[in-house]
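Text of structure19.cif, listed as mmCIF, C-alpha atoms:
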```cif
data_query
loop_
_atom_site.label_atom_id
_atom_site.label_comp_id
_atom_site.auth_asym_id
_atom_site.auth_seq_id
_atom_site.Cartn_x
_atom_site.Cartn_y
_atom_site.Cartn_z
CA MET A 554 0.00 0.00 0.00
CA LYS A 555 1.08 3.51 -0.78
CA LEU A 556 0.17 4.83 2.66
CA GLU A 557 2.23 2.17 4.38
CA SER A 558 5.45 3.04 2.57
CA LEU A 559 4.74 6.71 3.20
CA ARG A 560 4.38 6.17 6.96
CA GLY A 561 8.06 5.23 7.27
CA ASN A 562 9.13 8.49 5.67
CA LEU A 563 10.67 10.97 8.10
CA ILE A 564 9.03 13.94 6.41
CA TYR A 565 5.61 12.26 6.60
CA GLN A 566 6.13 11.71 10.33
CA VAL A 567 7.16 15.29 10.96
CA ALA A 568 4.21 16.52 8.92
CA LEU A 569 1.85 14.14 10.75
CA LEU A 570 2.95 15.41 14.16
CA GLY A 571 2.71 18.98 12.96
CA VAL A 572 -0.74 18.54 11.47
CA VAL A 573 -2.05 16.72 14.54
CA ALA A 574 -0.68 19.41 16.86
CA LEU A 575 -2.06 22.17 14.65
CA LEU A 576 -5.51 20.56 14.42
CA ALA A 577 -5.57 19.93 18.17
CA SER A 578 -4.66 23.51 19.03
CA THR A 579 -7.11 24.92 16.47
CA LEU A 580 -9.85 22.72 17.87
CA LEU A 581 -9.02 23.76 21.44
CA SER A 582 -8.94 27.47 20.68
CA GLN A 583 -12.23 27.17 18.79
CA ALA A 584 -13.77 25.26 21.68
CA ASP A 585 -12.44 27.87 24.10
CA GLN A 586 -14.11 30.63 22.08
CA LEU A 587 -17.30 28.63 21.83
CA THR A 588 -17.54 27.75 25.53
CA GLY A 589 -15.83 30.80 27.03
CA ALA A 590 -18.96 32.93 27.33
CA ASP A 591 -21.08 30.09 28.71
CA ILE A 592 -18.41 29.14 31.23
CA ALA A 593 -18.08 32.76 32.33
CA ALA A 594 -21.87 33.03 32.66
CA ALA A 595 -22.07 29.81 34.67
CA GLU A 596 -19.27 31.00 36.95
CA ALA A 597 -20.95 34.38 37.38
CA ARG A 598 -24.15 32.58 38.44
CA ASP A 599 -22.14 30.46 40.88
CA LEU A 600 -20.53 33.65 42.21
CA GLN A 601 -23.86 35.39 42.82
CA VAL A 602 -25.18 32.28 44.62
CA SER A 603 -22.02 31.91 46.69
CA LEU A 604 -21.91 35.60 47.56
CA ALA A 605 -25.48 35.37 48.80
CA GLN A 606 -24.60 32.31 50.92
CA VAL A 607 -22.03 34.16 53.02
CA LEU A 608 -24.45 36.94 53.95
CA PRO A 609 -27.48 36.73 56.25
CA GLU A 610 -30.75 36.41 54.38
CA GLY A 611 -32.40 39.75 53.65
CA SER A 612 -29.29 41.73 54.54
CA PHE A 613 -28.87 43.15 51.04
CA ASP A 614 -30.97 44.11 48.03
CA ASN A 615 -28.35 45.09 45.42
CA ALA A 616 -26.72 43.11 42.62
CA LEU A 617 -23.62 42.09 44.55
CA ALA A 618 -21.58 40.89 41.60
CA GLU A 619 -21.80 44.34 39.99
CA ASP A 620 -20.88 46.40 43.06
CA SER A 621 -17.25 45.75 43.85
CA LEU A 622 -13.89 47.43 44.29
CA LEU A 623 -10.28 46.29 44.40
CA LEU A 624 -8.10 46.51 47.50
CA GLU A 625 -4.34 46.16 47.39
CA GLY A 626 -3.58 43.05 49.46
CA ALA A 627 -0.25 41.61 50.56
CA ARG A 628 -0.42 39.07 47.73
CA GLY A 629 -1.97 41.14 44.98
CA PRO A 630 -5.32 42.84 44.51
CA VAL A 631 -8.34 41.51 46.41
CA ARG A 632 -11.85 42.03 45.06
CA VAL A 633 -14.41 43.19 47.60
CA TYR A 634 -18.16 43.08 46.88
CA ARG A 635 -20.41 45.46 48.78
CA ALA A 636 -23.76 44.35 50.18
CA ARG A 637 -26.25 47.20 50.56
CA LEU A 638 -29.74 47.35 51.98
CA GLU A 639 -31.66 50.38 50.77
CA GLY A 640 -28.36 51.95 49.78
CA ARG A 641 -26.78 51.39 53.22
CA LEU A 642 -23.57 49.33 53.32
CA THR A 643 -24.38 46.33 55.56
CA ALA A 644 -21.46 43.99 54.87
CA VAL A 645 -18.69 43.21 52.43
CA VAL A 646 -17.71 39.98 50.73
CA MET A 647 -14.04 39.40 49.98
CA GLN A 648 -12.94 37.15 47.19
CA LEU A 649 -9.74 35.40 48.25
CA THR A 650 -7.43 32.83 46.75
CA ALA A 651 -5.62 30.23 48.83
CA ILE A 652 -2.88 28.10 47.30
CA GLY A 653 -3.89 24.53 48.12
CA TYR A 654 -2.49 21.14 47.30
CA GLY A 655 -3.97 20.97 43.79
CA GLY A 656 -3.65 24.63 42.85
CA PRO A 657 -5.60 27.76 43.69
CA ILE A 658 -8.70 27.54 45.89
CA ASP A 659 -11.14 30.39 45.24
CA LEU A 660 -12.98 31.52 48.38
CA VAL A 661 -15.49 34.13 49.39
CA MET A 662 -15.77 35.48 52.93
CA GLY A 663 -18.59 37.69 54.19
CA ILE A 664 -17.55 40.24 56.86
CA ASP A 665 -19.84 42.52 58.83
CA PRO A 666 -18.86 46.14 59.63
CA GLU A 667 -17.34 45.03 62.97
CA GLY A 668 -14.97 42.62 61.23
CA GLN A 669 -16.86 39.49 62.23
CA VAL A 670 -16.96 36.62 59.74
CA LEU A 671 -20.49 36.07 58.45
CA GLY A 672 -19.61 33.02 56.41
CA VAL A 673 -17.04 31.41 54.14
CA ARG A 674 -17.56 29.32 50.99
CA VAL A 675 -15.28 27.67 48.47
CA LEU A 676 -16.09 28.64 44.89
CA LYS A 677 -13.63 26.53 42.96
CA HIS A 678 -10.88 24.11 43.83
CA LYS A 679 -8.95 21.13 42.51
CA GLU A 680 -8.12 19.42 45.80
CA THR A 681 -7.98 15.64 46.10
CA PRO A 682 -11.45 14.09 45.99
CA GLY A 683 -12.26 12.11 49.10
CA LEU A 684 -9.56 13.71 51.23
CA ALA A 685 -9.72 17.46 51.00
CA ASP A 686 -13.08 18.06 49.35
CA GLN A 687 -14.73 18.34 52.77
CA ILE A 688 -14.21 22.07 52.28
CA GLU A 689 -17.36 21.92 50.12
CA THR A 690 -20.55 22.38 52.10
CA ALA A 691 -22.07 19.38 50.33
CA LYS A 692 -19.42 17.10 51.81
CA GLY A 693 -18.50 18.54 55.18
CA ARG A 694 -19.24 21.17 57.82
CA TRP A 695 -15.68 22.36 58.30
CA ILE A 696 -16.12 25.62 56.39
CA PHE A 697 -18.79 26.69 58.93
CA SER A 698 -16.21 26.69 61.73
CA PHE A 699 -15.29 30.27 60.79
CA ASP A 700 -18.78 31.72 61.26
CA GLY A 701 -18.83 34.40 63.97
CA LYS A 702 -15.05 34.48 64.36
CA PHE A 703 -12.98 37.66 64.08
CA LEU A 704 -9.37 38.75 64.54
CA GLY A 705 -9.30 38.74 68.34
CA ASP A 706 -11.48 35.67 68.80
CA PRO A 707 -9.38 33.72 68.19
CA PRO A 708 -6.40 36.12 68.39
CA ALA A 709 -4.58 36.69 65.10
CA GLU A 710 -1.72 34.34 66.00
CA ASP A 711 -4.19 31.47 66.58
CA TRP A 712 -5.66 31.74 63.07
CA ALA A 713 -3.95 28.52 62.00
CA VAL A 714 -4.68 24.79 61.91
CA LYS A 715 -4.15 22.83 65.13
CA LYS A 716 -1.04 21.16 63.71
CA ASP A 717 0.54 24.63 63.51
CA GLY A 718 -0.58 25.58 67.02
CA GLY A 719 -3.80 27.30 65.96
CA VAL A 720 -7.43 26.60 66.80
CA PHE A 721 -8.88 25.28 63.51
CA ASP A 722 -9.17 21.57 62.71
CA GLN A 723 -7.23 20.07 59.83
CA PHE A 724 -8.53 17.01 57.96
CA THR A 725 -7.28 13.53 58.32
CA GLY A 726 -4.71 13.05 55.60
CA ALA A 727 -5.00 16.59 54.30
CA THR A 728 -3.35 19.43 56.19
CA ILE A 729 -2.22 21.57 53.27
CA THR A 730 -5.75 22.47 52.15
CA PRO A 731 -7.10 23.69 55.52
CA ARG A 732 -3.80 25.41 56.27
CA ALA A 733 -4.01 27.32 52.99
CA ILE A 734 -7.62 28.35 53.61
CA VAL A 735 -7.06 29.48 57.19
CA GLY A 736 -4.00 31.46 56.07
CA ALA A 737 -5.91 33.18 53.28
CA LEU A 738 -8.80 34.06 55.59
CA ARG A 739 -6.46 35.52 58.15
CA GLN A 740 -4.79 37.67 55.50
CA GLY A 741 -8.22 38.73 54.31
CA LEU A 742 -9.26 39.80 57.81
CA GLU A 743 -5.99 41.66 58.32
CA LEU A 744 -6.60 43.48 55.04
CA PHE A 745 -10.15 44.26 56.18
CA ALA A 746 -8.83 45.67 59.46
CA ALA A 747 -6.34 47.85 57.59
CA GLU A 748 -8.85 49.08 55.02
CA ARG A 749 -11.96 49.23 57.18
CA GLY A 750 -11.82 53.00 57.29
CA ARG A 751 -11.76 53.19 53.53
CA LEU A 752 -14.55 50.63 53.07
CA PHE A 753 -16.94 52.09 55.63
CA GLY A 754 -15.32 55.51 55.85
CA ALA A 755 -15.89 59.07 54.72
CA SER A 756 -16.84 58.23 51.15
CA GLU A 757 -19.65 56.06 52.53
CA THR A 758 -21.74 58.79 54.13
CA GLN A 759 -24.36 56.35 55.36
CA ALA A 760 -21.85 53.84 56.66
CA GLY A 761 -21.68 55.66 60.00
CA GLU A 762 -25.17 54.52 60.90
CA VAL A 763 -24.17 50.90 60.39
CA SER A 764 -21.19 50.91 62.71
CA GLN A 765 -23.03 52.65 65.54
CA MET B 68 -11.28 -11.43 18.13
CA SER B 69 -14.94 -11.99 19.02
CA TYR B 70 -17.03 -9.29 20.64
CA TRP B 71 -17.74 -11.67 23.53
CA GLN B 72 -14.00 -12.07 24.12
CA ILE B 73 -13.51 -8.27 24.05
CA THR B 74 -16.28 -7.88 26.63
CA ARG B 75 -14.84 -10.62 28.84
CA ASP B 76 -11.33 -9.17 28.57
CA GLY B 77 -12.50 -5.70 29.55
CA LEU B 78 -14.63 -6.72 32.49
CA TRP B 79 -12.53 -9.53 33.93
CA ASP B 80 -9.72 -11.32 32.07
CA LYS B 81 -7.69 -8.20 31.28
CA ASN B 82 -9.23 -5.84 33.84
CA VAL B 83 -7.37 -2.53 33.75
CA VAL B 84 -6.64 -2.43 37.46
CA PHE B 85 -6.57 -6.05 38.59
CA THR B 86 -4.82 -7.68 35.62
CA GLN B 87 -3.02 -5.00 33.64
CA MET B 88 -2.15 -3.11 36.84
CA LEU B 89 -2.59 0.16 34.96
CA ALA B 90 -4.18 3.40 36.16
CA LEU B 91 -3.22 2.64 39.74
CA CYS B 92 -2.71 6.33 40.49
CA PRO B 93 -6.39 7.30 40.08
CA ALA B 94 -7.45 3.91 41.42
CA LEU B 95 -5.64 4.61 44.70
CA ALA B 96 -6.14 8.36 44.85
CA VAL B 97 -9.88 8.82 44.53
CA THR B 98 -11.34 5.60 45.92
CA SER B 99 -11.87 6.66 49.52
CA THR B 100 -15.60 6.18 48.85
CA ALA B 101 -17.51 4.00 46.39
CA SER B 102 -19.24 7.09 44.94
CA ASN B 103 -15.92 8.70 44.07
CA GLY B 104 -14.85 5.45 42.40
CA LEU B 105 -18.06 5.45 40.38
CA GLY B 106 -17.57 9.07 39.29
CA MET B 107 -13.96 8.54 38.23
CA GLY B 108 -14.93 5.30 36.49
CA LEU B 109 -17.76 6.82 34.46
CA ALA B 110 -15.71 9.85 33.41
CA THR B 111 -12.84 7.57 32.38
CA THR B 112 -15.19 5.28 30.45
CA ALA B 113 -16.45 8.21 28.39
CA VAL B 114 -12.93 9.36 27.53
CA LEU B 115 -11.73 5.81 26.85
CA LEU B 116 -14.60 5.24 24.42
CA GLY B 117 -13.93 8.52 22.61
CA ALA B 118 -10.16 8.01 22.47
CA ASN B 119 -10.46 4.44 21.17
CA VAL B 120 -12.89 5.43 18.41
CA LEU B 121 -10.76 8.40 17.37
CA ILE B 122 -7.52 6.44 17.29
CA ALA B 123 -9.04 3.43 15.54
CA ALA B 124 -10.42 5.75 12.86
CA LEU B 125 -7.03 7.38 12.32
CA ARG B 126 -4.91 4.24 12.83
CA ASN B 127 -3.87 3.90 9.17
CA PHE B 128 -2.51 7.43 9.03
CA ILE B 129 -0.46 7.26 12.21
CA SER B 130 3.18 6.23 11.77
CA PRO B 131 4.29 3.65 14.32
CA ASP B 132 7.41 5.74 15.01
CA VAL B 133 5.56 8.83 16.20
CA ARG B 134 2.40 7.13 17.51
CA ILE B 135 2.96 7.88 21.20
CA PRO B 136 3.09 11.70 20.92
CA VAL B 137 0.17 11.59 18.47
CA PHE B 138 -1.90 9.49 20.90
CA ILE B 139 -1.04 11.78 23.79
CA ILE B 140 -2.02 14.91 21.85
CA LEU B 141 -5.31 13.30 20.77
CA ILE B 142 -6.17 12.07 24.28
CA ALA B 143 -5.24 15.33 26.00
CA THR B 144 -7.26 17.31 23.44
CA LEU B 145 -10.27 15.05 23.91
CA VAL B 146 -10.12 15.34 27.69
CA THR B 147 -9.81 19.12 27.52
CA LEU B 148 -12.76 19.36 25.12
CA VAL B 149 -14.90 17.21 27.42
CA ASP B 150 -13.83 19.37 30.35
CA MET B 151 -14.78 22.61 28.54
CA ALA B 152 -18.07 21.28 27.19
CA LEU B 153 -19.19 19.96 30.59
CA ASN B 154 -18.19 23.20 32.27
CA ALA B 155 -20.12 25.31 29.77
CA TRP B 156 -23.27 23.30 29.17
CA LEU B 157 -23.65 20.81 32.02
CA HIS B 158 -22.33 23.02 34.77
CA GLU B 159 -24.06 21.22 37.65
CA LEU B 160 -22.58 17.89 36.58
CA TYR B 161 -19.22 19.55 36.06
CA LYS B 162 -19.17 20.69 39.67
CA VAL B 163 -19.27 17.01 40.67
CA LEU B 164 -17.18 15.37 37.93
CA GLY B 165 -14.84 18.28 37.22
CA LEU B 166 -12.37 17.11 39.85
CA PHE B 167 -12.01 13.74 38.16
CA ILE B 168 -11.72 14.93 34.59
CA ALA B 169 -8.44 16.73 35.18
CA LEU B 170 -6.97 13.48 36.51
CA ILE B 171 -7.89 11.50 33.38
CA VAL B 172 -5.23 13.09 31.18
CA ALA B 173 -2.60 11.30 33.23
CA ASN B 174 -4.42 7.97 33.07
CA CYS B 175 -2.09 5.48 31.39
CA ALA B 176 -4.93 3.00 30.82
CA ILE B 177 -6.22 5.21 28.01
CA LEU B 178 -2.83 5.39 26.32
CA GLY B 179 -2.51 1.66 26.97
CA ARG B 180 -5.72 0.81 25.12
CA ALA B 181 -4.81 3.16 22.27
CA GLU B 182 -1.45 1.45 21.95
CA SER B 183 -2.44 -2.18 22.37
CA PHE B 184 -5.95 -2.26 20.89
CA ALA B 185 -7.33 0.76 19.04
CA SER B 186 -4.25 1.23 16.86
CA LYS B 187 -4.64 -2.33 15.50
CA ASN B 188 -8.41 -2.84 15.31
CA PRO B 189 -11.40 -1.45 13.46
CA VAL B 190 -13.61 1.26 14.93
CA ALA B 191 -16.51 -0.92 16.14
CA ALA B 192 -14.28 -3.38 18.00
CA SER B 193 -12.28 -0.49 19.48
CA ALA B 194 -15.45 1.23 20.66
CA LEU B 195 -16.58 -1.94 22.43
CA ASP B 196 -13.10 -2.40 23.88
CA GLY B 197 -13.11 1.18 25.21
CA LEU B 198 -16.55 0.74 26.72
CA MET B 199 -15.80 -2.61 28.35
CA MET B 200 -12.35 -1.61 29.61
CA GLY B 201 -13.98 1.50 31.06
CA LEU B 202 -16.74 -0.48 32.73
CA GLY B 203 -14.18 -2.96 34.07
CA PHE B 204 -12.23 -0.01 35.47
CA THR B 205 -15.43 1.42 36.97
CA LEU B 206 -16.29 -1.90 38.64
CA ALA B 207 -12.75 -2.19 39.99
CA LEU B 208 -12.89 1.35 41.42
CA ILE B 209 -16.30 0.69 43.00
CA ALA B 210 -14.94 -2.52 44.55
CA ILE B 211 -11.85 -0.76 45.94
CA GLY B 212 -13.86 2.27 47.06
CA GLY B 213 -16.55 0.04 48.58
CA VAL B 214 -14.05 -1.97 50.65
CA ARG B 215 -12.29 1.18 51.84
CA GLU B 216 -15.52 3.01 52.60
CA ILE B 217 -17.09 0.13 54.55
CA LEU B 218 -13.95 -0.53 56.60
CA GLY B 219 -12.95 3.11 56.87
CA SER B 220 -16.19 4.87 57.64
CA GLY B 221 -18.91 2.19 57.88
CA THR B 222 -20.98 3.57 55.00
CA LEU B 223 -21.47 2.65 51.34
CA PHE B 224 -22.07 5.01 48.39
CA ARG B 225 -22.05 8.07 50.65
CA ASP B 226 -22.81 11.25 48.65
CA ALA B 227 -24.01 9.20 45.65
CA HIS B 228 -26.84 11.71 45.18
CA LEU B 229 -24.27 14.41 44.35
CA LEU B 230 -23.14 12.32 41.43
CA LEU B 231 -26.32 10.64 40.22
CA GLY B 232 -29.06 12.96 41.41
CA GLU B 233 -31.53 12.87 44.28
CA GLY B 234 -33.22 9.74 42.88
CA PHE B 235 -30.22 7.65 43.87
CA ARG B 236 -30.23 8.56 47.54
CA PHE B 237 -31.43 5.00 48.28
CA LEU B 238 -27.94 3.75 47.38
CA GLU B 239 -26.48 5.53 50.39
CA LEU B 240 -26.21 3.02 53.19
CA THR B 241 -24.91 3.26 56.70
CA LEU B 242 -23.77 -0.29 57.29
CA ILE B 243 -22.21 0.12 60.72
CA PRO B 244 -24.03 2.75 62.83
CA ASP B 245 -21.93 4.65 65.40
CA TYR B 246 -18.77 3.42 63.69
CA LYS B 247 -15.78 5.46 64.80
CA GLY B 248 -14.03 4.89 61.47
CA TYR B 249 -10.80 3.10 60.70
CA LEU B 250 -8.63 5.88 59.45
CA LEU B 251 -5.98 3.78 57.75
CA MET B 252 -8.42 2.58 55.09
CA ILE B 253 -9.32 6.14 54.08
CA LEU B 254 -5.68 7.18 53.84
CA PRO B 255 -3.46 6.15 50.87
CA PRO B 256 -2.14 2.97 52.61
CA GLY B 257 -5.73 1.76 52.74
CA GLY B 258 -5.83 2.04 48.97
CA PHE B 259 -2.78 -0.19 48.64
CA LEU B 260 -4.21 -2.69 51.14
CA ALA B 261 -7.57 -2.85 49.38
CA VAL B 262 -5.98 -3.22 45.93
CA GLY B 263 -3.62 -5.91 47.24
CA PHE B 264 -6.29 -8.07 48.85
CA LEU B 265 -8.73 -7.68 45.96
CA LEU B 266 -5.93 -8.60 43.56
CA ALA B 267 -5.17 -11.73 45.61
CA ALA B 268 -8.87 -12.64 45.65
CA LYS B 269 -9.13 -12.29 41.86
CA ARG B 270 -6.01 -14.45 41.38
CA MET B 271 -7.50 -17.09 43.65
CA ILE B 272 -10.75 -17.18 41.66
CA ASP B 273 -8.81 -17.35 38.38
CA LEU B 274 -6.52 -20.14 39.60
CA ARG B 275 -9.44 -22.15 40.91
CA ALA B 276 -11.26 -21.75 37.59
CA ALA B 277 -8.13 -22.83 35.70
CA ARG B 278 -7.74 -25.91 37.92
CA ALA B 279 -11.38 -26.84 37.41
CA ALA B 280 -10.93 -26.44 33.65
CA ARG B 281 -7.88 -28.75 33.70
CA ALA B 282 -9.62 -31.35 35.84
CA ALA B 283 -12.81 -31.41 33.77
CA PRO B 284 -11.48 -33.20 30.62
CA LEU B 285 -9.90 -35.90 32.83
CA ALA B 286 -13.05 -36.42 34.82
CA ALA B 287 -15.29 -36.60 31.78
CA PRO B 288 -14.21 -40.03 30.41
CA ALA B 289 -14.50 -41.59 33.89
CA GLN B 290 -18.16 -40.69 33.96
CA GLY B 291 -18.56 -42.69 30.82
#
```

Is it possible to express this structure as structure tokens?
Amino acid sequence: MKLESLRGNLIYQVALLGVVALLASTLLSQADQLTGADIAAAEARDLQVSLAQVLPEGSFDNALAEDSLLLEGARGPVRVYRARLEGRLTAVVMQLTAIGYGGPIDLVMGIDPEGQVLGVRVLKHKETPGLADQIETAKGRWIFSFDGKFLGDPPAEDWAVKKDGGVFDQFTGATITPRAIVGALRQGLELFAAERGRLFGASETQAGEVSQ
Amino acid sequence: MSYWQITRDGLWDKNVVFTQMLALCPALAVTSTASNGLGMGLATTAVLLGANVLIAALRNFISPDVRIPVFIILIATLVTLVDMALNAWLHELYKVLGLFIALIVANCAILGRAESFASKNPVAASALDGLMMGLGFTLALIAIGGVREILGSGTLFRDAHLLLGEGFRFLELTLIPDYKGYLLMILPPGGFLAVGFLLAAKRMIDLRAARAARAAPLAAPAQG
């Protein structure tokens, strides 16, 4: 057969590899274009749902995902969403990233004007299934252990997993994931403490009522 | 090779995990519960089927000398496409299976089937081979996950409703109430233990079957 003799030819092999790689990358970039908008929309929906989960019910009436600002954190910019009820700032939601075992873990943390944690949720992660995925609310209750905490209770130096001398549980067989999350939350709260004046300060004329 | 033989090979005789000893990384990593095993198994089956069909269709164009990189590009592309499509259009399912899909690229069982079957056989046979090898892999992962979950946490198919929908909640059993859990089985060593003992059990069944097959022709004339 003609094809069979051709397959042994070095140039045919080079061309084959080239064509396959070219087709694969074309296909992938096309698929990325095709799915990009839908993926972004699905993630935006997830974000709105997650943002609402870390705030008390009825504590806001604005479109959270569209009302945000960037703060300059220790490890790059941190997006902060503002929850308002009848125009009054009632809480903020910080979007944080922890570096876990399988890559970045995207988190949101709701904080009230006093700096108290209203709730924490994981948006996206690639941690090991069965070991570290208890950070999802569907599979574990660990993520609720931050509710009502603030820097001071426990004190800042105790915001760590028990293995590191802190107060938060780690998981059996998975310490890196909880350690990363606790660390990111602590940094988020420290950033909140530093920027609280700006968030609830002079520019927010009605914010004064909230903190009284 | 007959379709019956392909089916038998995939499910038992050449089972990916228990005979070929391939794909041990995902087999050990995700099988802390039977549900996780099922999820990984089904996602792998889908990719295995697609990869086998694709490679069987292109087998005459692929030079033996550069087949491995070509297979790897094709498989990685396929996995990425599945990942994107699920994320965009079946987002709820993606939230459950997404974790597993990323692990499939590194699954040597898929490259193994491409190399040893799909590159030498027509499309229909390769499709069946992919399906059966995938189902065999799924059954193996459920068996490993089941053993680890029962011994480790006293439940079976915990969280199955996350994977299959609310209708499958009946699968979720608590076999040992008030069980404190046997940590070792959930941790990686438990994976090795479960694979080892299940492997020994399969060998025992196979050896016994072989002995019975040898004894049968001798016994037959004696019966007249």

Would you please work out which residue, of A:Ala594, A:Val670, A:Leu622, A:Val735, is nearest to Asp706 (chain A) when using all atoms listed in the file?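 That would be A:Val670, the residue with the smallest distance to Asp706 (chain A).
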
Got a sec: who's within 12 Å of region 128-138 of chain B, counting only C-alpha atoms, leaving out chain neighbours fewer than 5 positions off, as an mmCIF file with C-alpha atoms, in the coordinates of the input?
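Result file is out_28.cif:
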```cif
data_model
loop_
_atom_site.group_PDB
_atom_site.id
_atom_site.type_symbol
_atom_site.label_atom_id
_atom_site.label_comp_id
_atom_site.auth_asym_id
_atom_site.auth_seq_id
_atom_site.Cartn_x
_atom_site.Cartn_y
_atom_site.Cartn_z
ATOM 1 C CA MET A 554 0.000 0.000 0.000
ATOM 2 C CA LYS A 555 1.080 3.510 -0.780
ATOM 3 C CA LEU A 556 0.170 4.830 2.660
ATOM 4 C CA GLU A 557 2.230 2.170 4.380
ATOM 5 C CA SER A 558 5.450 3.040 2.570
ATOM 6 C CA LEU A 559 4.740 6.710 3.200
ATOM 7 C CA ARG A 560 4.380 6.170 6.960
ATOM 8 C CA GLY A 561 8.060 5.230 7.270
ATOM 9 C CA ASN A 562 9.130 8.490 5.670
ATOM 10 C CA LEU A 563 10.670 10.970 8.100
ATOM 11 C CA ILE A 564 9.030 13.940 6.410
ATOM 12 C CA TYR A 565 5.610 12.260 6.600
ATOM 13 C CA GLN A 566 6.130 11.710 10.330
ATOM 14 C CA VAL A 567 7.160 15.290 10.960
ATOM 15 C CA ALA A 568 4.210 16.520 8.920
ATOM 16 C CA LEU A 569 1.850 14.140 10.750
ATOM 17 C CA LEU A 570 2.950 15.410 14.160
ATOM 18 C CA GLY A 571 2.710 18.980 12.960
ATOM 19 C CA VAL A 572 -0.740 18.540 11.470
ATOM 20 C CA VAL A 573 -2.050 16.720 14.540
ATOM 21 C CA ALA A 574 -0.680 19.410 16.860
ATOM 22 C CA LEU A 575 -2.060 22.170 14.650
ATOM 23 C CA LEU A 576 -5.510 20.560 14.420
ATOM 24 C CA ALA A 577 -5.570 19.930 18.170
ATOM 25 C CA ALA B 118 -10.160 8.010 22.470
ATOM 26 C CA ASN B 119 -10.460 4.440 21.170
ATOM 27 C CA VAL B 120 -12.890 5.430 18.410
ATOM 28 C CA LEU B 121 -10.760 8.400 17.370
ATOM 29 C CA ILE B 122 -7.520 6.440 17.290
ATOM 30 C CA ALA B 123 -9.040 3.430 15.540
ATOM 31 C CA ALA B 143 -5.240 15.330 26.000
ATOM 32 C CA THR B 144 -7.260 17.310 23.440
ATOM 33 C CA LEU B 145 -10.270 15.050 23.910
ATOM 34 C CA VAL B 172 -5.230 13.090 31.180
ATOM 35 C CA CYS B 175 -2.090 5.480 31.390
ATOM 36 C CA ILE B 177 -6.220 5.210 28.010
ATOM 37 C CA LEU B 178 -2.830 5.390 26.320
ATOM 38 C CA GLY B 179 -2.510 1.660 26.970
ATOM 39 C CA ARG B 180 -5.720 0.810 25.120
ATOM 40 C CA ALA B 181 -4.810 3.160 22.270
ATOM 41 C CA GLU B 182 -1.450 1.450 21.950
ATOM 42 C CA SER B 183 -2.440 -2.180 22.370
ATOM 43 C CA ALA B 185 -7.330 0.760 19.040
ATOM 44 C CA SER B 186 -4.250 1.230 16.860
ATOM 45 C CA LYS B 187 -4.640 -2.330 15.500
#
```

At a cut-off of 8 Å, can you tabulate as JSON lines every residue of chain B near chain A together with its closest atom pair and the distance in Å to one decimal, using all atoms listed in the file and ordering rows by chain then number?
```
{"residue": "B:Ala96", "atom": "CA", "partner": "A:Thr681", "partner_atom": "CA", "distance": 7.6}
{"residue": "B:Val97", "atom": "CA", "partner": "A:Pro682", "partner_atom": "CA", "distance": 5.7}
{"residue": "B:Thr98", "atom": "CA", "partner": "A:Gly683", "partner_atom": "CA", "distance": 7.3}
{"residue": "B:Ser99", "atom": "CA", "partner": "A:Gly683", "partner_atom": "CA", "distance": 5.5}
{"residue": "B:Thr100", "atom": "CA", "partner": "A:Gly683", "partner_atom": "CA", "distance": 6.8}
{"residue": "B:Asn103", "atom": "CA", "partner": "A:Gly683", "partner_atom": "CA", "distance": 7.1}
{"residue": "B:Asn127", "atom": "CA", "partner": "A:Leu556", "partner_atom": "CA", "distance": 7.7}
{"residue": "B:Phe128", "atom": "CA", "partner": "A:Arg560", "partner_atom": "CA", "distance": 7.3}
{"residue": "B:Ile129", "atom": "CA", "partner": "A:Arg560", "partner_atom": "CA", "distance": 7.2}
{"residue": "B:Ser130", "atom": "CA", "partner": "A:Arg560", "partner_atom": "CA", "distance": 5.0}
{"residue": "B:Pro131", "atom": "CA", "partner": "A:Arg560", "partner_atom": "CA", "distance": 7.8}
{"residue": "B:Asp132", "atom": "CA", "partner": "A:Gln566", "partner_atom": "CA", "distance": 7.7}
{"residue": "B:Val133", "atom": "CA", "partner": "A:Gln566", "partner_atom": "CA", "distance": 6.6}
{"residue": "B:Pro136", "atom": "CA", "partner": "A:Leu570", "partner_atom": "CA", "distance": 7.7}
{"residue": "B:Val137", "atom": "CA", "partner": "A:Leu570", "partner_atom": "CA", "distance": 6.4}
{"residue": "B:Ile140", "atom": "CA", "partner": "A:Ala574", "partner_atom": "CA", "distance": 6.9}
{"residue": "B:Leu141", "atom": "CA", "partner": "A:Ala577", "partner_atom": "CA", "distance": 7.1}
{"residue": "B:Thr144", "atom": "CA", "partner": "A:Ala577", "partner_atom": "CA", "distance": 6.1}
{"residue": "B:Thr147", "atom": "CA", "partner": "A:Leu581", "partner_atom": "CA", "distance": 7.7}
{"residue": "B:Leu148", "atom": "CA", "partner": "A:Leu581", "partner_atom": "CA", "distance": 6.8}
{"residue": "B:Met151", "atom": "CA", "partner": "A:Thr588", "partner_atom": "CA", "distance": 6.6}
{"residue": "B:Ala152", "atom": "CA", "partner": "A:Thr588", "partner_atom": "CA", "distance": 6.7}
{"residue": "B:Asn154", "atom": "CA", "partner": "A:Ile592", "partner_atom": "CA", "distance": 6.0}
{"residue": "B:Ala155", "atom": "CA", "partner": "A:Ile592", "partner_atom": "CA", "distance": 4.4}
{"residue": "B:Trp156", "atom": "CA", "partner": "A:Asp591", "partner_atom": "CA", "distance": 7.1}
{"residue": "B:His158", "atom": "CA", "partner": "A:Ala595", "partner_atom": "CA", "distance": 6.8}
{"residue": "B:Leu166", "atom": "CA", "partner": "A:Lys679", "partner_atom": "CA", "distance": 5.9}
{"residue": "B:Phe167", "atom": "CA", "partner": "A:Pro682", "partner_atom": "CA", "distance": 7.9}
{"residue": "B:Asp226", "atom": "CA", "partner": "A:Lys692", "partner_atom": "CA", "distance": 7.5}
{"residue": "B:Leu250", "atom": "CA", "partner": "A:Thr725", "partner_atom": "CA", "distance": 7.8}
{"residue": "B:Leu254", "atom": "CA", "partner": "A:Gly726", "partner_atom": "CA", "distance": 6.2}
```
